[in-house]
file input.csv (CSV, N, CA, C and O atoms)
chain,number,residue,atom,x,y,z
A,1,MET,N,62.3,-13.7,-68.8
A,1,MET,CA,63.6,-13.3,-69.5
A,1,MET,C,64.8,-14.0,-68.8
A,1,MET,O,64.8,-14.2,-67.6
A,2,HIS,N,65.7,-14.3,-69.6
A,2,HIS,CA,67.0,-14.8,-69.1
A,2,HIS,C,67.7,-13.7,-68.4
A,2,HIS,O,67.7,-12.6,-68.7
A,3,PRO,N,68.4,-14.1,-67.3
A,3,PRO,CA,69.1,-13.1,-66.5
A,3,PRO,C,70.1,-12.2,-67.3
A,3,PRO,O,70.2,-11.0,-67.1
A,4,GLU,N,70.8,-12.8,-68.3
A,4,GLU,CA,71.7,-12.0,-69.1
A,4,GLU,C,70.9,-11.0,-69.9
A,4,GLU,O,71.4,-9.9,-70.2
A,5,GLN,N,69.7,-11.3,-70.4
A,5,GLN,CA,68.9,-10.4,-71.1
A,5,GLN,C,68.4,-9.2,-70.2
A,5,GLN,O,68.4,-8.1,-70.7
A,6,ILE,N,68.1,-9.6,-69.0
A,6,ILE,CA,67.7,-8.5,-68.0
A,6,ILE,C,68.9,-7.5,-67.8
A,6,ILE,O,68.7,-6.3,-67.9
A,7,LYS,N,70.1,-8.1,-67.6
A,7,LYS,CA,71.3,-7.3,-67.4
A,7,LYS,C,71.6,-6.4,-68.7
A,7,LYS,O,71.9,-5.3,-68.5
A,8,ALA,N,71.4,-7.0,-69.8
A,8,ALA,CA,71.6,-6.3,-71.1
A,8,ALA,C,70.6,-5.1,-71.2
A,8,ALA,O,71.0,-4.0,-71.6
A,9,GLU,N,69.4,-5.4,-70.9
A,9,GLU,CA,68.3,-4.3,-70.9
A,9,GLU,C,68.7,-3.2,-69.9
A,9,GLU,O,68.5,-2.0,-70.2
A,10,LEU,N,69.2,-3.6,-68.8
A,10,LEU,CA,69.6,-2.5,-67.8
A,10,LEU,C,70.8,-1.7,-68.4
A,10,LEU,O,70.7,-0.5,-68.2
A,11,ARG,N,71.7,-2.4,-69.0
A,11,ARG,CA,72.9,-1.6,-69.6
A,11,ARG,C,72.4,-0.7,-70.7
A,11,ARG,O,72.8,0.5,-70.8
A,12,ILE,N,71.4,-1.2,-71.5
A,12,ILE,CA,70.9,-0.3,-72.6
A,12,ILE,C,70.2,0.9,-72.0
A,12,ILE,O,70.3,2.0,-72.5
A,13,ALA,N,69.6,0.7,-70.8
A,13,ALA,CA,68.9,1.8,-70.1
A,13,ALA,C,69.9,2.7,-69.4
A,13,ALA,O,69.5,3.7,-68.8
A,14,GLY,N,71.2,2.3,-69.4
A,14,GLY,CA,72.2,3.2,-68.8
A,14,GLY,C,72.4,2.9,-67.4
A,14,GLY,O,72.9,3.8,-66.6
A,15,THR,N,72.1,1.7,-66.9
A,15,THR,CA,72.3,1.4,-65.5
A,15,THR,C,72.9,0.0,-65.4
A,15,THR,O,73.1,-0.7,-66.4
A,16,THR,N,73.2,-0.4,-64.2
A,16,THR,CA,73.7,-1.8,-63.9
A,16,THR,C,73.0,-2.3,-62.6
A,16,THR,O,72.4,-1.6,-61.9
A,17,ILE,N,73.3,-3.6,-62.3
A,17,ILE,CA,72.8,-4.2,-61.1
A,17,ILE,C,73.3,-3.4,-59.9
A,17,ILE,O,72.6,-3.2,-58.9
A,18,SER,N,74.6,-3.0,-59.9
A,18,SER,CA,75.2,-2.3,-58.8
A,18,SER,C,74.5,-0.9,-58.6
A,18,SER,O,74.3,-0.5,-57.4
A,19,ILE,N,74.2,-0.2,-59.6
A,19,ILE,CA,73.5,1.1,-59.5
A,19,ILE,C,72.1,0.9,-58.9
A,19,ILE,O,71.7,1.6,-58.1
A,20,VAL,N,71.4,-0.2,-59.4
A,20,VAL,CA,70.1,-0.5,-58.9
A,20,VAL,C,70.2,-0.8,-57.4
A,20,VAL,O,69.4,-0.3,-56.6
A,21,ALA,N,71.2,-1.5,-57.0
A,21,ALA,CA,71.4,-1.9,-55.6
A,21,ALA,C,71.6,-0.6,-54.8
A,21,ALA,O,71.0,-0.4,-53.7
A,22,ASP,N,72.5,0.3,-55.3
A,22,ASP,CA,72.8,1.5,-54.5
A,22,ASP,C,71.5,2.4,-54.4
A,22,ASP,O,71.3,2.9,-53.4
A,23,ASP,N,70.8,2.4,-55.5
A,23,ASP,CA,69.5,3.2,-55.5
A,23,ASP,C,68.5,2.7,-54.5
A,23,ASP,O,67.8,3.5,-53.8
A,24,LEU,N,68.5,1.4,-54.3
A,24,LEU,CA,67.5,0.8,-53.4
A,24,LEU,C,68.1,0.5,-52.0
A,24,LEU,O,67.4,-0.1,-51.1
A,25,LEU,N,69.3,0.8,-51.8
A,25,LEU,CA,70.0,0.6,-50.5
A,25,LEU,C,70.0,-0.8,-50.1
A,25,LEU,O,69.7,-1.2,-48.9
A,26,VAL,N,70.3,-1.7,-51.1
A,26,VAL,CA,70.5,-3.1,-50.8
A,26,VAL,C,71.8,-3.6,-51.4
A,26,VAL,O,72.5,-2.9,-52.1
A,27,ALA,N,72.2,-4.8,-51.0
A,27,ALA,CA,73.5,-5.3,-51.5
A,27,ALA,C,73.3,-5.7,-53.0
A,27,ALA,O,72.3,-6.1,-53.4
A,28,GLN,N,74.4,-5.6,-53.7
A,28,GLN,CA,74.4,-5.9,-55.1
A,28,GLN,C,74.1,-7.4,-55.3
A,28,GLN,O,73.4,-7.8,-56.2
A,29,ALA,N,74.5,-8.2,-54.4
A,29,ALA,CA,74.2,-9.7,-54.4
A,29,ALA,C,72.7,-9.9,-54.3
A,29,ALA,O,72.2,-10.9,-55.0
A,30,THR,N,72.0,-9.1,-53.6
A,30,THR,CA,70.6,-9.3,-53.4
A,30,THR,C,69.9,-9.0,-54.8
A,30,THR,O,69.0,-9.8,-55.2
A,31,VAL,N,70.3,-7.9,-55.4
A,31,VAL,CA,69.7,-7.6,-56.7
A,31,VAL,C,70.0,-8.7,-57.7
A,31,VAL,O,69.2,-9.2,-58.5
A,32,SER,N,71.3,-9.2,-57.7
A,32,SER,CA,71.7,-10.3,-58.6
A,32,SER,C,70.9,-11.5,-58.4
A,32,SER,O,70.5,-12.2,-59.4
A,33,GLN,N,70.6,-11.9,-57.1
A,33,GLN,CA,69.8,-13.1,-56.9
A,33,GLN,C,68.4,-12.9,-57.4
A,33,GLN,O,67.8,-13.9,-57.9
A,34,VAL,N,67.8,-11.7,-57.3
A,34,VAL,CA,66.5,-11.5,-57.8
A,34,VAL,C,66.5,-11.6,-59.3
A,34,VAL,O,65.7,-12.3,-59.9
A,35,VAL,N,67.5,-11.0,-60.0
A,35,VAL,CA,67.6,-11.1,-61.4
A,35,VAL,C,67.7,-12.5,-61.9
A,35,VAL,O,67.1,-12.9,-62.9
A,36,HIS,N,68.5,-13.4,-61.1
A,36,HIS,CA,68.7,-14.8,-61.5
A,36,HIS,C,67.5,-15.7,-61.0
A,36,HIS,O,67.6,-16.9,-61.3
A,37,GLY,N,66.6,-15.1,-60.3
A,37,GLY,CA,65.4,-15.9,-59.9
A,37,GLY,C,65.6,-16.8,-58.7
A,37,GLY,O,64.9,-17.6,-58.3
A,38,ARG,N,66.7,-16.5,-58.0
A,38,ARG,CA,67.0,-17.3,-56.8
A,38,ARG,C,66.4,-16.7,-55.5
A,38,ARG,O,66.4,-17.3,-54.5
A,39,SER,N,66.0,-15.4,-55.6
A,39,SER,CA,65.4,-14.7,-54.5
A,39,SER,C,64.2,-13.9,-55.1
A,39,SER,O,64.1,-13.7,-56.3
A,40,ASN,N,63.3,-13.5,-54.2
A,40,ASN,CA,62.2,-12.8,-54.6
A,40,ASN,C,62.0,-11.5,-53.8
A,40,ASN,O,62.0,-11.5,-52.6
A,41,SER,N,61.9,-10.4,-54.5
A,41,SER,CA,61.7,-9.1,-53.9
A,41,SER,C,60.8,-8.2,-54.8
A,41,SER,O,61.3,-7.9,-55.9
A,42,ARG,N,59.6,-8.0,-54.4
A,42,ARG,CA,58.7,-7.2,-55.3
A,42,ARG,C,59.3,-5.8,-55.5
A,42,ARG,O,59.2,-5.3,-56.6
A,43,ARG,N,59.9,-5.2,-54.5
A,43,ARG,CA,60.5,-3.9,-54.7
A,43,ARG,C,61.6,-3.8,-55.7
A,43,ARG,O,61.6,-2.9,-56.5
A,44,ILE,N,62.5,-4.8,-55.7
A,44,ILE,CA,63.5,-4.9,-56.6
A,44,ILE,C,63.0,-5.2,-58.0
A,44,ILE,O,63.4,-4.5,-59.0
A,45,LYS,N,62.1,-6.1,-58.1
A,45,LYS,CA,61.5,-6.4,-59.4
A,45,LYS,C,60.8,-5.2,-60.0
A,45,LYS,O,61.0,-5.0,-61.2
A,46,GLU,N,60.0,-4.5,-59.2
A,46,GLU,CA,59.3,-3.4,-59.7
A,46,GLU,C,60.3,-2.3,-60.2
A,46,GLU,O,60.0,-1.6,-61.2
A,47,ARG,N,61.4,-2.1,-59.5
A,47,ARG,CA,62.3,-1.0,-59.9
A,47,ARG,C,63.0,-1.4,-61.2
A,47,ARG,O,63.2,-0.6,-62.1
A,48,ILE,N,63.4,-2.7,-61.3
A,48,ILE,CA,64.0,-3.1,-62.6
A,48,ILE,C,63.0,-3.0,-63.7
A,48,ILE,O,63.4,-2.5,-64.8
A,49,ALA,N,61.8,-3.4,-63.5
A,49,ALA,CA,60.7,-3.3,-64.5
A,49,ALA,C,60.5,-1.8,-65.0
A,49,ALA,O,60.4,-1.5,-66.1
A,50,GLU,N,60.6,-1.0,-64.0
A,50,GLU,CA,60.4,0.5,-64.3
A,50,GLU,C,61.6,1.0,-65.1
A,50,GLU,O,61.4,1.7,-66.1
A,51,ILE,N,62.8,0.6,-64.8
A,51,ILE,CA,64.0,1.0,-65.5
A,51,ILE,C,63.9,0.6,-67.0
A,51,ILE,O,64.2,1.3,-67.9
A,52,ILE,N,63.6,-0.7,-67.2
A,52,ILE,CA,63.6,-1.2,-68.5
A,52,ILE,C,62.3,-1.1,-69.2
A,52,ILE,O,62.2,-1.6,-70.4
A,53,ASN,N,61.3,-0.5,-68.6
A,53,ASN,CA,60.0,-0.2,-69.2
A,53,ASN,C,59.3,-1.5,-69.7
A,53,ASN,O,58.9,-1.5,-70.8
A,54,ARG,N,59.2,-2.5,-68.8
A,54,ARG,CA,58.5,-3.7,-69.1
A,54,ARG,C,57.7,-4.1,-67.9
A,54,ARG,O,58.1,-3.9,-66.8
A,55,PRO,N,56.6,-4.9,-68.1
A,55,PRO,CA,55.9,-5.4,-66.9
A,55,PRO,C,56.7,-6.4,-66.2
A,55,PRO,O,57.4,-7.2,-66.8
A,56,VAL,N,56.5,-6.5,-64.9
A,56,VAL,CA,57.2,-7.5,-64.0
A,56,VAL,C,56.9,-8.9,-64.5
A,56,VAL,O,57.9,-9.7,-64.7
A,57,ASP,N,55.7,-9.2,-64.9
A,57,ASP,CA,55.3,-10.5,-65.3
A,57,ASP,C,56.0,-10.9,-66.7
A,57,ASP,O,56.1,-12.1,-67.0
A,58,GLU,N,56.4,-9.9,-67.4
A,58,GLU,CA,57.0,-10.2,-68.7
A,58,GLU,C,58.5,-10.5,-68.4
A,58,GLU,O,59.1,-11.3,-69.2
A,59,ILE,N,59.1,-9.9,-67.4
A,59,ILE,CA,60.5,-10.2,-67.1
A,59,ILE,C,60.6,-11.5,-66.3
A,59,ILE,O,61.4,-12.3,-66.7
A,60,TRP,N,59.8,-11.6,-65.3
A,60,TRP,CA,59.8,-12.9,-64.5
A,60,TRP,C,58.5,-13.5,-64.6
A,60,TRP,O,57.5,-13.2,-63.9
A,61,GLU,N,58.4,-14.5,-65.5
A,61,GLU,CA,57.1,-15.2,-65.7
A,61,GLU,C,56.8,-15.9,-64.5
A,61,GLU,O,57.6,-16.6,-63.8
A,62,PRO,N,55.5,-15.8,-64.1
A,62,PRO,CA,55.1,-16.5,-62.9
A,62,PRO,C,55.3,-18.0,-63.0
A,62,PRO,O,55.0,-18.6,-64.1
A,63,LYS,N,55.8,-18.6,-62.0
A,63,LYS,CA,56.1,-20.1,-62.0
A,63,LYS,C,54.8,-20.8,-61.7
A,63,LYS,O,54.0,-20.5,-60.8
A,64,LYS,N,54.6,-21.9,-62.5
A,64,LYS,CA,53.4,-22.7,-62.3
A,64,LYS,C,53.7,-23.6,-61.0
A,64,LYS,O,54.8,-24.1,-60.9
A,65,SER,N,52.7,-23.7,-60.3
A,65,SER,CA,52.8,-24.5,-59.1
A,65,SER,C,52.7,-26.0,-59.5
A,65,SER,O,52.0,-26.4,-60.3
A,66,LEU,N,53.5,-26.8,-58.8
A,66,LEU,CA,53.5,-28.3,-59.1
A,66,LEU,C,52.4,-28.9,-58.2
A,66,LEU,O,52.1,-30.1,-58.4
A,67,ASN,N,51.9,-28.2,-57.3
A,67,ASN,CA,50.8,-28.7,-56.5
A,67,ASN,C,49.5,-28.7,-57.2
A,67,ASN,O,49.2,-27.7,-57.9
A,68,ARG,N,48.7,-29.8,-57.1
A,68,ARG,CA,47.4,-29.8,-57.7
A,68,ARG,C,46.4,-29.5,-56.7
A,68,ARG,O,46.5,-29.8,-55.5
A,69,SER,N,45.3,-28.9,-57.1
A,69,SER,CA,44.2,-28.6,-56.2
A,69,SER,C,43.4,-29.9,-56.0
A,69,SER,O,43.5,-30.9,-56.7
A,70,ARG,N,42.6,-29.9,-55.0
A,70,ARG,CA,41.7,-31.1,-54.7
A,70,ARG,C,40.8,-31.4,-55.8
A,70,ARG,O,40.6,-32.6,-56.1
A,71,GLU,N,40.3,-30.4,-56.5
A,71,GLU,CA,39.4,-30.6,-57.6
A,71,GLU,C,40.2,-31.3,-58.8
A,71,GLU,O,39.6,-32.1,-59.4
A,72,GLU,N,41.4,-30.9,-59.0
A,72,GLU,CA,42.2,-31.5,-60.1
A,72,GLU,C,42.5,-32.9,-59.8
A,72,GLU,O,42.4,-33.8,-60.7
A,73,ILE,N,42.8,-33.2,-58.5
A,73,ILE,CA,43.1,-34.6,-58.1
A,73,ILE,C,41.8,-35.5,-58.3
A,73,ILE,O,41.9,-36.6,-58.9
A,74,GLN,N,40.7,-34.9,-57.8
A,74,GLN,CA,39.4,-35.7,-57.9
A,74,GLN,C,39.1,-35.9,-59.4
A,74,GLN,O,38.6,-37.0,-59.8
A,75,ALA,N,39.2,-34.9,-60.3
A,75,ALA,CA,38.9,-35.1,-61.7
A,75,ALA,C,39.8,-36.1,-62.3
A,75,ALA,O,39.3,-36.9,-63.1
A,76,GLN,N,41.1,-36.2,-62.0
A,76,GLN,CA,42.0,-37.2,-62.5
A,76,GLN,C,41.6,-38.6,-62.0
A,76,GLN,O,41.7,-39.5,-62.8
A,77,ARG,N,41.2,-38.7,-60.8
A,77,ARG,CA,40.8,-40.0,-60.2
A,77,ARG,C,39.5,-40.5,-60.9
A,77,ARG,O,39.4,-41.6,-61.3
A,78,THR,N,38.6,-39.6,-61.1
A,78,THR,CA,37.3,-39.9,-61.8
A,78,THR,C,37.6,-40.3,-63.2
A,78,THR,O,37.1,-41.3,-63.7
A,79,ALA,N,38.5,-39.6,-63.9
A,79,ALA,CA,38.8,-40.0,-65.3
A,79,ALA,C,39.5,-41.3,-65.4
A,79,ALA,O,39.3,-42.1,-66.3
A,80,ALA,N,40.4,-41.6,-64.4
A,80,ALA,CA,41.1,-42.9,-64.4
A,80,ALA,C,40.2,-44.0,-64.1
A,80,ALA,O,40.3,-45.1,-64.8
A,81,ARG,N,39.2,-43.8,-63.2
A,81,ARG,CA,38.2,-44.9,-62.9
A,81,ARG,C,37.4,-45.2,-64.2
A,81,ARG,O,37.1,-46.3,-64.5
A,82,ALA,N,37.0,-44.1,-64.9
A,82,ALA,CA,36.1,-44.3,-66.1
A,82,ALA,C,36.9,-45.0,-67.2
A,82,ALA,O,36.4,-45.8,-67.9
A,83,ALA,N,38.2,-44.7,-67.3
A,83,ALA,CA,39.0,-45.4,-68.3
A,83,ALA,C,39.3,-46.9,-68.0
A,83,ALA,O,39.4,-47.7,-68.9
A,84,ASN,N,39.2,-47.2,-66.7
A,84,ASN,CA,39.5,-48.6,-66.3
A,84,ASN,C,38.2,-49.5,-66.3
A,84,ASN,O,38.3,-50.7,-66.1
A,85,GLN,N,37.1,-48.9,-66.5
A,85,GLN,CA,35.8,-49.7,-66.5
A,85,GLN,C,35.4,-50.2,-67.9
A,85,GLN,O,35.8,-49.8,-68.9
call {"tool": "encode", "arguments": {"input": "input.csv", "output": "structure tokens"}}
result
Amino acid sequence: MHPEQIKAELRIAGTTISIVADDLLVAQATVSQVVHGRSNSRRIKERIAEIINRPVDEIWEPKKSLNRSREEIQAQRTAARAANQ
């Protein structure tokens, strides 16, 4: 979800980033950074997900790793060799 959408969902639920921060005894900036995806906190994400009644993975989609596994690299090399023959 876009950060503005998360904040809107919080407002609809009757709360704000500041209230979530006070509830969790953390700085408002910390919650804001999590909402914007600049920081990661399972505790903050789970609390926000609980408030807006959505799964964490629906709010913050897991990022795909840019790193390839050894198996993926080997498969690509094998495919490239086969294409060049």
call {"tool": "select_by_dssp", "arguments": {"input": "input.csv", "residues": "region 2-74 of chain A", "states": "helix (DSSP H, G or I)", "output": "ChimeraX atom specification"}}
result
/A:3-12,17-24,28-35,42-52,56-59,70-74
call {"tool": "atom_distance", "arguments": {"input": "input.csv", "atom1": "atom C of Val26 (chain A)", "atom2": "atom O of Asn53 (chain A)"}}
result
23.4 Å
call {"tool": "atom_distance", "arguments": {"input": "input.csv", "atom1": "atom N of Glu9 (chain A)", "atom2": "atom C of Ala29 (chain A)"}}
result
17.5 Å
call {"tool": "closest_residue", "arguments": {"input": "input.csv", "among": "A:Ser69, A:Gln74, A:Gly37, A:Gln85", "to": "Met1 (chain A)", "atoms": "only C-alpha atoms"}}
result
A:Gly37
call {"tool": "atom_distance", "arguments": {"input": "input.csv", "atom1": "atom C of Ile73 (chain A)", "atom2": "atom N of Glu61 (chain A)"}}
result
27.7 Å
call {"tool": "closest_residue", "arguments": {"input": "input.csv", "among": "A:Arg77, A:Val20, A:Arg70, A:Asp57", "to": "Ile44 (chain A)", "atoms": "all atoms listed in the file"}}
result
A:Val20
